[in-house]
Every structure is written in C-alpha cells, then in structure tokens.
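Peer 1: Take a look at the following structure, please.
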Amino acid sequence: MAKLSDMKASPIKHILVYGPPKAGKTELVGKLAEKFNLKWFDLEKGVSTLFKLPQEWQERIEVFQIPDTRGTPMAIETCLKVIKGAPMKICTLHGKVACPLCAKAGAETQEVELAKLGPNDCVIFDSMTQLTNSAIANITRNQPDDYKLQRDDWGNLGKVMDTFLSYVQAAPFNVVVITHENMVDSVMGKDAGGQKVVPVAGTANFSRNSAKYFDEVVYCEVKNKKHIFASTTTYSNNIMTGGRSGFSLEKSLEPKLIDLWS
C-alpha cells in the first residue's frame with residue numbers, strides 16, 4: 001500500500017487558461033517557451049501573437065495548424081487522435097492524421113508522438129472554443145446550416161468533450177488548453193442563484209464542471225487598462241479559478257504561467 005509520505009508530487013501539469021478575446025491568453029501561454037519546448041495545435045489561426053516572442057523562444061515552438069470549418073470539422077477529429085499519445089503523421093495542408101490524399105500526392109506531413117514527451121515539453125491546444133465548434137459541426141455534419149441542436153446532440157457533445165478532456169487529465173505530459181469564457185447559472189436547476197464565469201467547454205452544464213480535468217485554472221482579463229491573470233480560488237466569487245499549486249498569479253508583479261510549476 002502506497003503511503004502519501006512515500007510519494008512525490010508530479011512535475012507534470014494540466015492547465016486551463018481562459019477569458020474573453022484579447023485578454024492576453026495566447027501571449028501568456030506562449031511565454032512558456034522561455035523554459036519549455038511547445039507543441040502548439042493551432043485550431044483558429046491564433047499564432048500570430050507569438051511573433052512578439054524573442055526569436056530564441058520561437059525556435060522552441062512547433063506549430064501544427066489544423067484548418068477547421070463547419071464543412072470540414074478537422075480539429076475534433078485530429079485532436080482526439082493526437083491526445084492519445086500514439087505516433088501520428090499530420091498533413092500540413094489539411095491538418096488530418098494519415099491523410100490519404102496527401103499520402104498519395106507525397107505532400108508534406110509533420111510527425112508527432114506525445115507519449116514520448118518529457119517534463120521539459122508542453123502541449124498547447126488553442127482553443128477549446130474551436131474544438132467545441134468542431135465537435136458540434138461533426139455531430140451535425142449531415143444537417144442543414146439552420147439546424148438547431150436537439151437533446152441527443154447536446155448529449156453527444158458532452159460525451160465527445162469528456163473523451164478529449166479525460167485524456168488531457170490522464171496525460172503523462174504537460175498540457176495547456178486555451179479557451180474563452182461563458183456565463184452560466186452558478187447552480188443547476190430552477191433554484192439557481194446568481195451566475196458564474198466559466199471556461200467554454202462544450203455545453204453550459206459541462207463547462208460548469210470542466211475544471212475537474214485540470215490541475216490549475218487561470219482566468220485572464222483586462223482591468224483598468226492592465227492585463228490581469230488570476231489563479232487562486234479566492235480571486236472572485238463569480239469567476240472560476242483555482243489550482244493545486246496555490247500560487248497566486250494575480251499577486252505577482254510579473255505573472256508568468258511557468259510559476260505554476262514551482
């Protein structure tokens with residue numbers, strides 16, 4: 001029987017970073033390249049922000065661009081395969097694993113095997129908002145554009161997001177997931193009291209409980225013309241934040257995501 005006193009804290013972190021658009025999420029995460037080698041899965045063409053980083057840091061970021069649209073929801077297909085850690089070849093044209101068209105044409109591919117990553121590596125998924133949209137598009141791919149999701153569709157969306165995030169939760173490598181914010185009732189049901197800002201992660205109910213898959217949940221916002229990054233449970237009663245490290249980014253003079261590994 002393993003005793004807690006004989007165990008060591010894992011150096012591996014699974015972190016969720018979220019907030020409104022233009023709140024500094026991508027740059028905050030990108031600065032991890034000061035210490036880590038990053039595998040960056042760009043689902044919404046957001047890597048342009050990373051060109052602000054020093055050239056030396058940019059050299060440590062390998063970008064996998066996954067074009068994702070309503071007609072070709074490639075993000076959810078590719079990410080569900082990649083997160084399992086097995087060796088994959090992703091075509092640079094479509095962002096598809098084992099793309100038959102690109103294999104036939106001898107087109108360029110990128111190889112990745114997340115299971116081989118070590119403590120000095122970190123995988124970034126940007127963003128879970130786009131991943132949610134991709135999952136919805138995949139679930140309703142045979143429906144007209146004006147189709148409204150039915151109860152079974154929402155249930156399937158929850159199952160898909162749970163599958164992806166369960167692999168994130170159990171991943172033996174560092175993962176950071178970026179997403180946007182959503183306002184939901186703080187308690188489910190007709191007696192719900194007040195609302196709470198939570199990460200976008202599929203349905204409203206699923207988003208409300210999405211923090212359970214992560215060691216740390218960081219909220220980004222702009223207040224008084226200043227970027228604020230919060231990581232403790234006491235930051236705000238109506239904003240989901242908190243983590244196992246107990247480190248307070250909001251009290252740091254120079255907040256860095258890398259400090260959550262301290």
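Letters A, B, ... go to the chains of the structure tokens in the order shown; residues in each chain start at 1; ligands are counted from 1 in the same order.
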Determine, counting only C-alpha atoms, which protein, DNA and RNA residues have an atom within 7 Å of an atom of Pro20 (chain A); residues of the same chain fewer than 3 positions away are not included. Present the result as a JSON list (two decimals) with C-alpha atoms, in the first residue's frame.

Peer 2:
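Result file result_31.json:
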[["chain", "number", "residue", "atom", "x", "y", "z"],
["A", 23, "ALA", "CA", -7.22, 39.34, -22.77],
["A", 180, "HIS", "CA", -12.93, 31.56, -23.92],
["A", 181, "GLU", "CA", -15.46, 32.40, -21.22],
["A", 221, "GLU", "CA", -8.99, 39.75, -18.16]]

Peer 1: Once you count only C-alpha atoms, what closest atom pair and distance in Å to one decimal does each residue of region 96-185 of chain A within 6 Å of region 68-80 of chain A have, with rows by chain and rising residue number, as a tab-separated table?

Peer 2:
residue	atom	partner	partner_atom	distance
A:Lys96	CA	A:Thr78	CA	6.0
A:Leu131	CA	A:Ile76	CA	5.6
A:Ser134	CA	A:Pro73	CA	4.8
A:Ala135	CA	A:Ile76	CA	5.6
A:Ala137	CA	A:Arg70	CA	5.4
A:Asn138	CA	A:Pro73	CA	5.8
A:Phe164	CA	A:Leu80	CA	5.9

Peer 1: If you run DSSP over the backbone, which residues in region 102-197 of chain A end up helix (DSSP H, G or I)? Put them as number ranges by chain.

Peer 2: A: 102-105, 114-116, 128-139, 151-170

Peer 1: Counting only C-alpha atoms, which residues of region 44-139 of chain A fall within 8 Å of region 143-160 of chain A, and what is the closest atom pair for each with its distance in Å at one decimal, ordered by chain and rising number, as CSV?

Peer 2:
residue,atom,partner,partner_atom,distance
A:Thr132,CA,A:Leu157,CA,7.9
A:Ala135,CA,A:Leu157,CA,6.6
A:Ile136,CA,A:Leu157,CA,6.6
A:Ile139,CA,A:Asp153,CA,6.8

Peer 1: Can you tell me, as a PyMOL selection string, what residues are no more than 12 Å from Gly243 (chain A) when counting only C-alpha atoms, ignoring any on the same chain fewer than 5 positions away?

Peer 2: chain A and resi 13-17+211-219+230-235+248-249+260-261

Peer 1: Go through region 79-244 of chain A and collect every residue that DSSP, computed from the backbone, puts in strand (DSSP E); the answer should be as a PyMOL selection string.

Peer 2: chain A and resi 88-91+109-112+121-126+174-179+181-185+195-199+216-223+226-230+242-243

Peer 1: Tell me, as number ranges by chain, which residues lie within 7 Å of region 86-89 of chain A, counting only C-alpha atoms; anything in the same chain fewer than 4 positions away does not count.

Peer 2: A: 82, 97-98, 109-115

Peer 1: Restricted to C-alpha atoms, what would the selected residues look like written as a PDB file, in the first residue's frame?

Peer 2:
ATOM      1  CA  VAL A  82      -3.295  13.067 -31.144  1.00  0.00           C
ATOM      2  CA  VAL A  97      -3.990  12.400 -39.392  1.00  0.00           C
ATOM      3  CA  ALA A  98      -2.954   9.844 -42.030  1.00  0.00           C
ATOM      4  CA  THR A 109       3.479  15.943 -43.173  1.00  0.00           C
ATOM      5  CA  GLN A 110       4.508  16.590 -39.565  1.00  0.00           C
ATOM      6  CA  GLU A 111       5.233  13.737 -37.177  1.00  0.00           C
ATOM      7  CA  VAL A 112       4.228  13.843 -33.522  1.00  0.00           C
ATOM      8  CA  GLU A 113       4.151  11.309 -30.685  1.00  0.00           C
ATOM      9  CA  LEU A 114       3.002  12.952 -27.472  1.00  0.00           C
ATOM     10  CA  ALA A 115       3.685   9.843 -25.360  1.00  0.00           C
TER      11      ALA A 115
END

Peer 1: Between CA of Glu27 (chain A) and CA of Val123 (chain A), measure the distance and give it in Å to one decimal.

Peer 2: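 Straight-line distance from CA of Glu27 (chain A) to CA of Val123 (chain A) works out to 15.0 Å.
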
Peer 1: Which residues, written as number ranges by chain, have at least one atom at most 8 Å from Met128 (chain A), with only C-alpha atoms counted and residues fewer than 5 positions away on the same chain left out?

Peer 2: A: 177-180, 200-201

Peer 1: Ranking A:Val63, A:Ala170, A:Leu53, A:Leu165 by minimum distance to Ile124 (chain A) and counting only C-alpha atoms, which one comes first?

Peer 2: A:Val63

Peer 1: Using only C-alpha atoms, which of A:Met240, A:Ile66, A:Leu257, A:Val198 sits nearest Trp40 (chain A)?

Peer 2: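 Under the stated criterion, the closest residue is A:Ile66.
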
Peer 1: Can you pull out every residue within 6 Å of Cys122 (chain A), counting only C-alpha atoms, but drop anything in the same chain fewer than 4 positions away, and send it as a PyMOL selection string?

Peer 2: chain A and resi 38+174-175

Peer 1: List the spatial neighbours of Gln195 (chain A) as a list in words - criterion: any atom at most 8 Å away, only C-alpha atoms, same-chain residues fewer than 4 positions off excluded.

Peer 2: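 Neighbouring residues, sequence-local ones excluded: Met183, Val184, Asp185, Ser186 and Asn238 of chain A.
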